[in-house]
>>> print(open('coords.cif').read())   # mmCIF, C-alpha atoms (C1' of nucleotides); chains and numbers go by the auth columns
data_input
#
loop_
_atom_site.group_PDB
_atom_site.id
_atom_site.type_symbol
_atom_site.label_atom_id
_atom_site.label_comp_id
_atom_site.label_asym_id
_atom_site.label_seq_id
_atom_site.Cartn_x
_atom_site.Cartn_y
_atom_site.Cartn_z
_atom_site.B_iso_or_equiv
_atom_site.auth_seq_id
_atom_site.auth_asym_id
ATOM 1 C CA MET A 1 69.276 91.187 -0.060 0.00 1049 A
ATOM 2 C CA ASN A 2 69.793 87.573 -0.983 0.00 1050 A
ATOM 3 C CA PRO A 3 72.771 85.956 0.743 0.00 1051 A
ATOM 4 C CA VAL A 4 74.653 83.204 -1.028 0.00 1052 A
ATOM 5 C CA SER A 5 73.907 79.829 0.608 0.00 1053 A
ATOM 6 C CA ARG A 6 76.309 77.884 2.779 0.00 1054 A
ATOM 7 C CA GLU A 7 76.221 75.008 0.290 0.00 1055 A
ATOM 8 C CA PHE A 8 77.616 77.350 -2.350 0.00 1056 A
ATOM 9 C CA TYR A 9 80.818 77.602 -0.321 0.00 1057 A
ATOM 10 C CA ARG A 10 80.996 73.917 0.609 0.00 1058 A
ATOM 11 C CA ARG A 11 82.986 73.050 -2.509 0.00 1059 A
ATOM 12 C CA ASP A 12 86.490 73.272 -3.954 0.00 1060 A
ATOM 13 C CA PRO A 13 87.513 76.947 -3.847 0.00 1061 A
ATOM 14 C CA ARG A 14 88.657 76.657 -7.474 0.00 1062 A
ATOM 15 C CA GLU A 15 84.987 76.144 -8.367 0.00 1063 A
ATOM 16 C CA VAL A 16 83.693 78.708 -5.920 0.00 1064 A
ATOM 17 C CA ALA A 17 86.110 81.507 -6.828 0.00 1065 A
ATOM 18 C CA PRO A 18 85.039 82.212 -10.432 0.00 1066 A
ATOM 19 C CA GLU A 19 81.386 81.940 -9.391 0.00 1067 A
ATOM 20 C CA LEU A 20 81.880 84.627 -6.750 0.00 1068 A
ATOM 21 C CA LEU A 21 82.640 87.145 -9.512 0.00 1069 A
ATOM 22 C CA ASN A 22 79.797 89.670 -9.862 0.00 1070 A
ATOM 23 C CA LYS A 23 78.368 88.824 -6.446 0.00 1071 A
ATOM 24 C CA LEU A 24 78.053 91.588 -3.853 0.00 1072 A
ATOM 25 C CA VAL A 25 79.843 92.222 -0.590 0.00 1073 A
ATOM 26 C CA VAL A 26 77.444 94.120 1.674 0.00 1074 A
ATOM 27 C CA ARG A 27 78.014 95.876 4.964 0.00 1075 A
ATOM 28 C CA GLY A 28 75.284 98.333 5.872 0.00 1076 A
ATOM 29 C CA ASP A 29 75.224 101.043 3.218 0.00 1077 A
ATOM 30 C CA ARG A 30 78.492 99.889 1.721 0.00 1078 A
ATOM 31 C CA VAL A 31 78.126 97.586 -1.286 0.00 1079 A
ATOM 32 C CA GLY A 32 80.805 96.330 -3.683 0.00 1080 A
ATOM 33 C CA ARG A 33 80.718 93.933 -6.605 0.00 1081 A
ATOM 34 C CA ILE A 34 83.419 91.245 -6.578 0.00 1082 A
ATOM 35 C CA VAL A 35 85.685 91.612 -9.622 0.00 1083 A
ATOM 36 C CA GLU A 36 88.824 89.673 -8.582 0.00 1084 A
ATOM 37 C CA VAL A 37 89.410 86.576 -6.421 0.00 1085 A
ATOM 38 C CA GLU A 38 92.030 83.906 -5.703 0.00 1086 A
ATOM 39 C CA ALA A 39 91.588 80.309 -4.525 0.00 1087 A
ATOM 40 C CA TYR A 40 93.794 78.853 -1.772 0.00 1088 A
ATOM 41 C CA VAL A 41 93.752 75.095 -1.699 0.00 1089 A
ATOM 42 C CA GLY A 42 94.936 73.899 1.686 0.00 1090 A
ATOM 43 C CA ALA A 43 97.303 70.950 1.974 0.00 1091 A
ATOM 44 C CA ILE A 44 98.163 70.767 -1.754 0.00 1092 A
ATOM 45 C CA ASP A 45 98.962 74.483 -2.053 0.00 1093 A
ATOM 46 C CA ALA A 46 102.268 75.848 -0.760 0.00 1094 A
ATOM 47 C CA GLY A 47 100.846 79.361 -1.095 0.00 1095 A
ATOM 48 C CA SER A 48 98.044 78.722 1.359 0.00 1096 A
ATOM 49 C CA HIS A 49 98.196 79.641 5.011 0.00 1097 A
ATOM 50 C CA ALA A 50 96.666 76.211 5.615 0.00 1098 A
ATOM 51 C CA PHE A 51 99.513 74.339 3.875 0.00 1099 A
ATOM 52 C CA ARG A 52 101.335 73.433 7.100 0.00 1100 A
ATOM 53 C CA GLY A 53 98.249 72.631 9.093 0.00 1101 A
ATOM 54 C CA MET A 54 96.157 74.480 11.599 0.00 1102 A
ATOM 55 C CA THR A 55 97.622 77.226 13.806 0.00 1103 A
ATOM 56 C CA PRO A 56 95.881 79.806 15.991 0.00 1104 A
ATOM 57 C CA ARG A 57 96.122 82.304 13.155 0.00 1105 A
ATOM 58 C CA ASN A 58 94.498 80.207 10.438 0.00 1106 A
ATOM 59 C CA ALA A 59 92.050 78.201 12.571 0.00 1107 A
ATOM 60 C CA THR A 60 89.047 79.871 10.932 0.00 1108 A
ATOM 61 C CA MET A 61 90.109 78.454 7.564 0.00 1109 A
ATOM 62 C CA PHE A 62 89.617 74.978 9.004 0.00 1110 A
ATOM 63 C CA GLY A 63 86.166 75.775 10.321 0.00 1111 A
ATOM 64 C CA PRO A 64 82.820 75.506 8.545 0.00 1112 A
ATOM 65 C CA PRO A 65 82.302 77.185 5.146 0.00 1113 A
ATOM 66 C CA GLY A 66 80.526 80.487 4.682 0.00 1114 A
ATOM 67 C CA HIS A 67 82.577 82.406 7.226 0.00 1115 A
ATOM 68 C CA LEU A 68 85.230 85.105 6.832 0.00 1116 A
ATOM 69 C CA TYR A 69 88.885 84.252 7.402 0.00 1117 A
ATOM 70 C CA VAL A 70 90.538 87.611 8.117 0.00 1118 A
ATOM 71 C CA TYR A 71 94.307 87.787 8.568 0.00 1119 A
ATOM 72 C CA PHE A 72 96.852 90.502 9.283 0.00 1120 A
ATOM 73 C CA THR A 73 99.862 90.948 7.006 0.00 1121 A
ATOM 74 C CA TYR A 74 102.793 93.263 6.249 0.00 1122 A
ATOM 75 C CA GLY A 75 102.494 94.821 9.667 0.00 1123 A
ATOM 76 C CA MET A 76 99.504 96.979 8.800 0.00 1124 A
ATOM 77 C CA HIS A 77 97.000 95.354 6.481 0.00 1125 A
ATOM 78 C CA TRP A 78 93.982 93.081 6.855 0.00 1126 A
ATOM 79 C CA CYS A 79 92.748 90.746 4.113 0.00 1127 A
ATOM 80 C CA ALA A 80 89.465 88.829 3.933 0.00 1128 A
ATOM 81 C CA ASN A 81 88.673 85.370 2.588 0.00 1129 A
ATOM 82 C CA ALA A 82 85.502 83.323 2.249 0.00 1130 A
ATOM 83 C CA VAL A 83 86.049 79.916 3.868 0.00 1131 A
ATOM 84 C CA CYS A 84 85.175 77.074 1.479 0.00 1132 A
ATOM 85 C CA GLY A 85 84.996 73.294 1.403 0.00 1133 A
ATOM 86 C CA ASP A 86 83.981 71.235 4.382 0.00 1134 A
ATOM 87 C CA ASP A 87 84.799 71.587 8.026 0.00 1135 A
ATOM 88 C CA GLY A 88 88.466 70.729 8.612 0.00 1136 A
ATOM 89 C CA GLU A 89 89.731 71.136 5.030 0.00 1137 A
ATOM 90 C CA GLY A 90 91.426 74.542 5.232 0.00 1138 A
ATOM 91 C CA LEU A 91 90.141 75.982 1.935 0.00 1139 A
ATOM 92 C CA ALA A 92 89.316 79.600 1.098 0.00 1140 A
ATOM 93 C CA VAL A 93 88.831 82.273 -1.555 0.00 1141 A
ATOM 94 C CA LEU A 94 90.667 85.583 -1.091 0.00 1142 A
ATOM 95 C CA LEU A 95 88.603 88.651 -2.020 0.00 1143 A
ATOM 96 C CA ARG A 96 91.070 90.747 -4.046 0.00 1144 A
ATOM 97 C CA ALA A 97 89.024 93.557 -5.569 0.00 1145 A
ATOM 98 C CA LEU A 98 85.525 95.053 -5.639 0.00 1146 A
ATOM 99 C CA GLU A 99 83.795 97.579 -7.818 0.00 1147 A
ATOM 100 C CA PRO A 100 82.184 100.067 -5.423 0.00 1148 A
ATOM 101 C CA VAL A 101 78.413 100.146 -5.944 0.00 1149 A
ATOM 102 C CA ASP A 102 77.048 102.091 -2.970 0.00 1150 A
ATOM 103 C CA GLY A 103 78.302 103.833 0.147 0.00 1151 A
ATOM 104 C CA LEU A 104 81.343 105.310 -1.583 0.00 1152 A
ATOM 105 C CA ASP A 105 81.564 108.227 0.829 0.00 1153 A
ATOM 106 C CA GLU A 106 81.767 105.866 3.762 0.00 1154 A
ATOM 107 C CA MET A 107 84.421 103.802 1.969 0.00 1155 A
ATOM 108 C CA ARG A 108 86.497 106.894 1.235 0.00 1156 A
ATOM 109 C CA ALA A 109 86.311 107.988 4.852 0.00 1157 A
ATOM 110 C CA ALA A 110 87.355 104.516 6.027 0.00 1158 A
ATOM 111 C CA ARG A 111 90.268 104.400 3.576 0.00 1159 A
ATOM 112 C CA GLY A 112 91.730 107.620 4.898 0.00 1160 A
ATOM 113 C CA VAL A 113 94.149 108.309 2.061 0.00 1161 A
ATOM 114 C CA LYS A 114 94.073 111.590 0.160 0.00 1162 A
ATOM 115 C CA ALA A 115 92.874 112.002 -3.417 0.00 1163 A
ATOM 116 C CA VAL A 116 91.394 108.574 -3.856 0.00 1164 A
ATOM 117 C CA ARG A 117 89.732 107.918 -7.174 0.00 1165 A
ATOM 118 C CA ASP A 118 86.809 105.472 -7.180 0.00 1166 A
ATOM 119 C CA ARG A 119 89.032 102.827 -8.688 0.00 1167 A
ATOM 120 C CA ASP A 120 91.456 103.140 -5.766 0.00 1168 A
ATOM 121 C CA LEU A 121 88.827 102.427 -3.102 0.00 1169 A
ATOM 122 C CA CYS A 122 88.656 98.630 -3.332 0.00 1170 A
ATOM 123 C CA SER A 123 91.219 97.558 -5.995 0.00 1171 A
ATOM 124 C CA GLY A 124 93.280 95.294 -3.747 0.00 1172 A
ATOM 125 C CA PRO A 125 92.695 92.876 -0.871 0.00 1173 A
ATOM 126 C CA ALA A 126 93.837 95.233 1.882 0.00 1174 A
ATOM 127 C CA LYS A 127 92.135 98.237 0.269 0.00 1175 A
ATOM 128 C CA LEU A 128 88.731 96.581 0.193 0.00 1176 A
ATOM 129 C CA ALA A 129 89.077 95.344 3.771 0.00 1177 A
ATOM 130 C CA GLN A 130 89.919 98.869 4.894 0.00 1178 A
ATOM 131 C CA ALA A 131 87.120 100.419 2.829 0.00 1179 A
ATOM 132 C CA PHE A 132 84.613 98.079 4.470 0.00 1180 A
ATOM 133 C CA GLY A 133 86.114 98.364 7.952 0.00 1181 A
ATOM 134 C CA ILE A 134 86.904 94.652 8.047 0.00 1182 A
ATOM 135 C CA ASP A 135 89.627 93.829 10.580 0.00 1183 A
ATOM 136 C CA GLY A 136 90.497 91.044 13.012 0.00 1184 A
ATOM 137 C CA GLN A 137 87.186 91.477 14.803 0.00 1185 A
ATOM 138 C CA PHE A 138 85.551 89.995 11.714 0.00 1186 A
ATOM 139 C CA ASP A 139 87.607 86.801 11.636 0.00 1187 A
ATOM 140 C CA GLY A 140 85.030 84.025 11.789 0.00 1188 A
ATOM 141 C CA ALA A 141 82.066 86.240 10.886 0.00 1189 A
ATOM 142 C CA ASP A 142 79.240 84.321 9.221 0.00 1190 A
ATOM 143 C CA ILE A 143 78.639 85.738 5.728 0.00 1191 A
ATOM 144 C CA VAL A 144 75.512 83.609 5.218 0.00 1192 A
ATOM 145 C CA THR A 145 73.610 84.817 8.286 0.00 1193 A
ATOM 146 C CA GLY A 146 75.415 88.150 8.523 0.00 1194 A
ATOM 147 C CA ASP A 147 75.967 87.779 12.257 0.00 1195 A
ATOM 148 C CA ARG A 148 78.502 90.619 12.257 0.00 1196 A
ATOM 149 C CA GLY A 149 76.902 92.706 9.544 0.00 1197 A
ATOM 150 C CA VAL A 150 78.858 91.439 6.535 0.00 1198 A
ATOM 151 C CA LEU A 151 77.147 89.390 3.805 0.00 1199 A
ATOM 152 C CA ILE A 152 77.897 88.118 0.334 0.00 1200 A
ATOM 153 C CA CYS A 153 74.743 88.437 -1.747 0.00 1201 A
ATOM 154 C CA ASP A 154 73.439 87.552 -5.195 0.00 1202 A
ATOM 155 C CA ASP A 155 71.500 90.284 -6.990 0.00 1203 A
ATOM 156 C CA GLY A 156 70.914 88.159 -10.072 0.00 1204 A
ATOM 157 C CA MET A 157 73.935 89.169 -12.126 0.00 1205 A
ATOM 158 C CA ALA A 158 75.558 85.992 -13.434 0.00 1206 A
ATOM 159 C CA PRO A 159 79.314 85.451 -13.183 0.00 1207 A
ATOM 160 C CA PRO A 160 81.235 86.164 -16.393 0.00 1208 A
ATOM 161 C CA SER A 161 80.960 83.257 -18.826 0.00 1209 A
ATOM 162 C CA LYS A 162 84.656 83.749 -19.669 0.00 1210 A
ATOM 163 C CA PRO A 163 86.439 85.315 -16.703 0.00 1211 A
ATOM 164 C CA GLY A 164 90.071 86.320 -16.939 0.00 1212 A
ATOM 165 C CA GLN A 165 92.412 83.828 -15.279 0.00 1213 A
ATOM 166 C CA SER A 166 96.057 84.005 -14.222 0.00 1214 A
ATOM 167 C CA ALA A 167 98.601 82.999 -11.626 0.00 1215 A
ATOM 168 C CA ARG A 168 98.107 84.506 -8.196 0.00 1216 A
ATOM 169 C CA ILE A 169 99.634 87.782 -7.044 0.00 1217 A
ATOM 170 C CA GLY A 170 102.301 88.358 -4.444 0.00 1218 A
ATOM 171 C CA LEU A 171 103.466 84.761 -4.023 0.00 1219 A
ATOM 172 C CA ALA A 172 107.204 84.033 -4.021 0.00 1220 A
ATOM 173 C CA ALA A 173 108.749 81.327 -6.184 0.00 1221 A
ATOM 174 C CA GLY A 174 108.173 77.878 -4.758 0.00 1222 A
ATOM 175 C CA LYS A 175 105.052 79.033 -2.932 0.00 1223 A
ATOM 176 C CA GLY A 176 102.483 77.946 -5.449 0.00 1224 A
ATOM 177 C CA HIS A 177 103.019 80.953 -7.691 0.00 1225 A
ATOM 178 C CA GLU A 178 102.586 78.783 -10.776 0.00 1226 A
ATOM 179 C CA HIS A 179 98.992 77.765 -10.081 0.00 1227 A
ATOM 180 C CA PRO A 180 96.472 79.701 -12.240 0.00 1228 A
ATOM 181 C CA TRP A 181 94.041 80.198 -9.404 0.00 1229 A
ATOM 182 C CA ARG A 182 93.249 83.902 -9.809 0.00 1230 A
ATOM 183 C CA TRP A 183 90.085 84.974 -11.625 0.00 1231 A
ATOM 184 C CA PHE A 184 88.899 88.459 -12.534 0.00 1232 A
ATOM 185 C CA VAL A 185 86.322 90.341 -14.576 0.00 1233 A
ATOM 186 C CA THR A 186 88.138 91.078 -17.818 0.00 1234 A
ATOM 187 C CA GLY A 187 88.449 94.773 -18.570 0.00 1235 A
ATOM 188 C CA ASN A 188 86.975 95.969 -15.291 0.00 1236 A
ATOM 189 C CA PRO A 189 88.953 99.026 -14.097 0.00 1237 A
ATOM 190 C CA HIS A 190 88.523 98.078 -10.441 0.00 1238 A
ATOM 191 C CA VAL A 191 90.673 94.958 -10.743 0.00 1239 A
ATOM 192 C CA SER A 192 93.919 95.323 -8.741 0.00 1240 A
ATOM 193 C CA ARG A 193 97.146 96.434 -10.386 0.00 1241 A
ATOM 194 C CA GLY A 194 99.168 93.499 -9.141 0.00 1242 A
ATOM 195 C CA VAL A 195 101.223 91.551 -11.658 0.00 1243 A
ATOM 196 C CA PRO A 196 101.331 87.743 -11.411 0.00 1244 A
ATOM 197 C CA GLY A 197 104.835 86.367 -10.968 0.00 1245 A
ATOM 198 C CA LYS A 198 106.262 89.584 -9.507 0.00 1246 A
ATOM 199 C CA PRO A 199 106.417 89.107 -5.749 0.00 1247 A
ATOM 200 C CA PRO A 200 107.389 92.121 -3.667 0.00 1248 A
ATOM 201 C CA THR A 201 111.124 92.637 -3.516 0.00 1249 A
ATOM 202 C CA PRO A 202 112.449 91.778 -0.065 0.00 1250 A
ATOM 203 C CA LYS A 203 112.935 94.870 2.008 0.00 1251 A
ATOM 204 C CA ARG A 204 115.316 95.449 4.835 0.00 1252 A
ATOM 205 C CA ARG A 205 114.420 97.651 7.713 0.00 1253 A
ATOM 206 C CA PRO A 206 117.127 100.014 8.931 0.00 1254 A
ATOM 207 C CA ARG A 207 118.463 99.369 12.388 0.00 1255 A
ATOM 208 C "C1'" DA B 1 104.265 104.995 -17.163 0.00 945 B
ATOM 209 C "C1'" DC B 2 107.368 102.600 -14.140 0.00 946 B
ATOM 210 C "C1'" DC B 3 110.235 102.270 -10.641 0.00 947 B
ATOM 211 C "C1'" DG B 4 112.219 102.199 -5.479 0.00 948 B
ATOM 212 C "C1'" DG B 5 111.952 102.801 -0.581 0.00 949 B
ATOM 213 C "C1'" DG B 6 109.525 103.070 3.804 0.00 950 B
ATOM 214 C "C1'" DA B 7 105.963 101.906 6.928 0.00 951 B
ATOM 215 C "C1'" DT B 8 104.357 98.628 10.243 0.00 952 B
ATOM 216 C "C1'" DG B 9 104.063 93.917 13.399 0.00 953 B
ATOM 217 C "C1'" DT B 10 102.822 88.937 13.587 0.00 954 B
ATOM 218 C "C1'" DT B 11 104.184 84.331 12.448 0.00 955 B
ATOM 219 C "C1'" DC B 12 107.180 80.849 11.608 0.00 956 B
ATOM 220 C "C1'" DT B 13 111.941 78.810 11.094 0.00 957 B
ATOM 221 C "C1'" DG C 1 115.951 86.789 12.018 0.00 1094 C
ATOM 222 C "C1'" DA C 2 113.449 86.279 7.754 0.00 1095 C
ATOM 223 C "C1'" DA C 3 109.291 86.163 5.449 0.00 1096 C
ATOM 224 C "C1'" DC C 4 105.030 88.052 4.689 0.00 1097 C
ATOM 225 C "C1'" DA C 5 98.242 86.377 -0.032 0.00 1098 C
ATOM 226 C "C1'" DT C 6 100.398 94.974 0.745 0.00 1099 C
ATOM 227 C "C1'" DC C 7 100.027 99.865 -0.041 0.00 1100 C
ATOM 228 C "C1'" DC C 8 101.442 104.709 -0.547 0.00 1101 C
ATOM 229 C "C1'" DC C 9 104.252 108.294 -1.986 0.00 1102 C
ATOM 230 C "C1'" DG C 10 107.683 110.562 -4.358 0.00 1103 C
ATOM 231 C "C1'" DG C 11 111.194 110.191 -7.858 0.00 1104 C
ATOM 232 C "C1'" DT C 12 112.353 109.832 -12.849 0.00 1105 C
ATOM 233 C "C1'" DG C 13 111.199 109.298 -17.911 0.00 1106 C
#
>>> encode(input="coords.cif", output="structure tokens")
Amino acid sequence: MNPVSREFYRRDPREVAPELLNKLVVRGDRVGRIVEVEAYVGAIDAGSHAFRGMTPRNATMFGPPGHLYVYFTYGMHWCANAVCGDDGEGLAVLLRALEPVDGLDEMRAARGVKAVRDRDLCSGPAKLAQAFGIDGQFDGADIVTGDRGVLICDDGMAPPSKPGQSARIGLAAGKGHEHPWRWFVTGNPHVSRGVPGKPPTPKRRPR
DNA sequence: ACCGGGATGTTCT
DNA sequence: GAACATCCCGGTG
């Protein structure tokens, strides 16, 4: 394979994100093509985990580029980002959806849900993390050297010349939901079903 | 197709 | 205590 260089990531995530489209996420036999991403822009972005500065949780975001920032959310899901920019900036690109290319059986086994169609394997940030077995152990993994077995590679397919673009998914009002920092491969069925501007309705747990 | 509710637990106010 | 870069399943149309 041909890993993307560290310098590729050492830029504004709004430049990096659309260029990550059509690149490959690789872990062993499992391979997926990136079809949807979102940029998170640190101190100027109320939607970013880095907006209020460094904490133990988001420390990886403030580290060097070309590593995974993996976080836990909604009590049960992991999501994976590629850290961008320079050391200390707190910039990242969230991997939101992949088109499965190889290792689909392994992905299906890792997903664990019944009756999964191919398009349900990796069509969402937590789905793709689960399909690839990416959890908190992978926070900080180097995706340029592949120190923990996960790489982002270039197989020669160029990014779309005119990617789809929209506001980001799942952000509440006042949390940067207006910024058009989501990019996707137009028409690809493996793009997530999320709708920009429709954050999850607040739920109340019984008790 | 589009809804609504439940599952889970960490982080931050 | 509320929010959270979510997903699944079962209802209704």
>>> residues_around(input="coords.cif", residues="region 945-956 of chain B", least_positions_apart="4", cutoff="8 Å", atoms="only C-alpha atoms (C1' of nucleotides)", output="ChimeraX atom specification")
/A:1120-1124
>>> atom_distance(input="coords.cif", atom1="CA of Gln1178 (chain A)", atom2="CA of Arg1159 (chain A)")
5.7 Å
>>> residues_around(input="coords.cif", residues="Asp1183 (chain A)", least_positions_apart="3", cutoff="9 Å", atoms="all atoms listed in the file", output="PyMOL selection string")
chain A and resi 1118-1120+1125-1128+1177-1178+1180+1186-1187
>>> atom_distance(input="coords.cif", atom1="CA of Pro1207 (chain A)", atom2="CA of Pro1148 (chain A)")
16.8 Å
>>> interface_residues(input="coords.cif", of="chain C", to="chain A", cutoff="8 Å", atoms="only C-alpha atoms (C1' of nucleotides)", output="number ranges by chain")
C: 1097-1100
>>> resolve_selection(input="coords.cif", expression="the PyMOL selection byres ((chain A and resi 1058) around 6)", output="list in words")
Glu1055, Phe1056, Tyr1057, Arg1059, Pro1113, Cys1132, Gly1133 and Asp1134 of chain A
>>> atom_distance(input="coords.cif", atom1="CA of Arg1167 (chain A)", atom2="CA of Gly1242 (chain A)")
13.8 Å
>>> resolve_selection(input="coords.cif", expression="the PyMOL selection byres ((chain C and resi 1094) around 10)", output="VMD selection string")
(chain B and resid 957) or (chain C and resid 1095 to 1096)
>>> write_last_selection(input="coords.cif", atoms="C-alpha atoms (C1' of nucleotides)", output="PDB file, in the frame of the given file")
ATOM      1  C1'  DT B 957     111.941  78.810  11.094  1.00  0.00           C
TER       2       DT B 957
ATOM      3  C1'  DA C1095     113.449  86.279   7.754  1.00  0.00           C
ATOM      4  C1'  DA C1096     109.291  86.163   5.449  1.00  0.00           C
TER       5       DA C1096
END
>>> resolve_selection(input="coords.cif", expression="the PyMOL selection byres ((chain A and resi 1245) around 7)", output="CSV table (one decimal) with C-alpha atoms, in the frame of the given file")
chain,number,residue,atom,x,y,z
A,1217,ILE,CA,99.6,87.8,-7.0
A,1225,HIS,CA,103.0,81.0,-7.7
A,1243,VAL,CA,101.2,91.6,-11.7
A,1244,PRO,CA,101.3,87.7,-11.4
A,1246,LYS,CA,106.3,89.6,-9.5
A,1247,PRO,CA,106.4,89.1,-5.7
>>> closest_residue(input="coords.cif", among="A:Arg1105, A:His1227, A:Arg1241, A:Lys1162", to="chain B", atoms="all atoms listed in the file")
A:Arg1105
>>> residues_around(input="coords.cif", residues="Ile1200 (chain A)", least_positions_apart="5", cutoff="12 Å", atoms="only C-alpha atoms (C1' of nucleotides)", output="ChimeraX atom specification")
/A:1049-1054,1056-1057,1068-1076,1078-1082,1114-1116,1129-1130,1143,1146,1189-1194
>>> closest_residue(input="coords.cif", among="A:His1238, A:Phe1110, A:Ala1065, A:Arg1100", to="chain B", atoms="all atoms listed in the file")
A:Arg1100
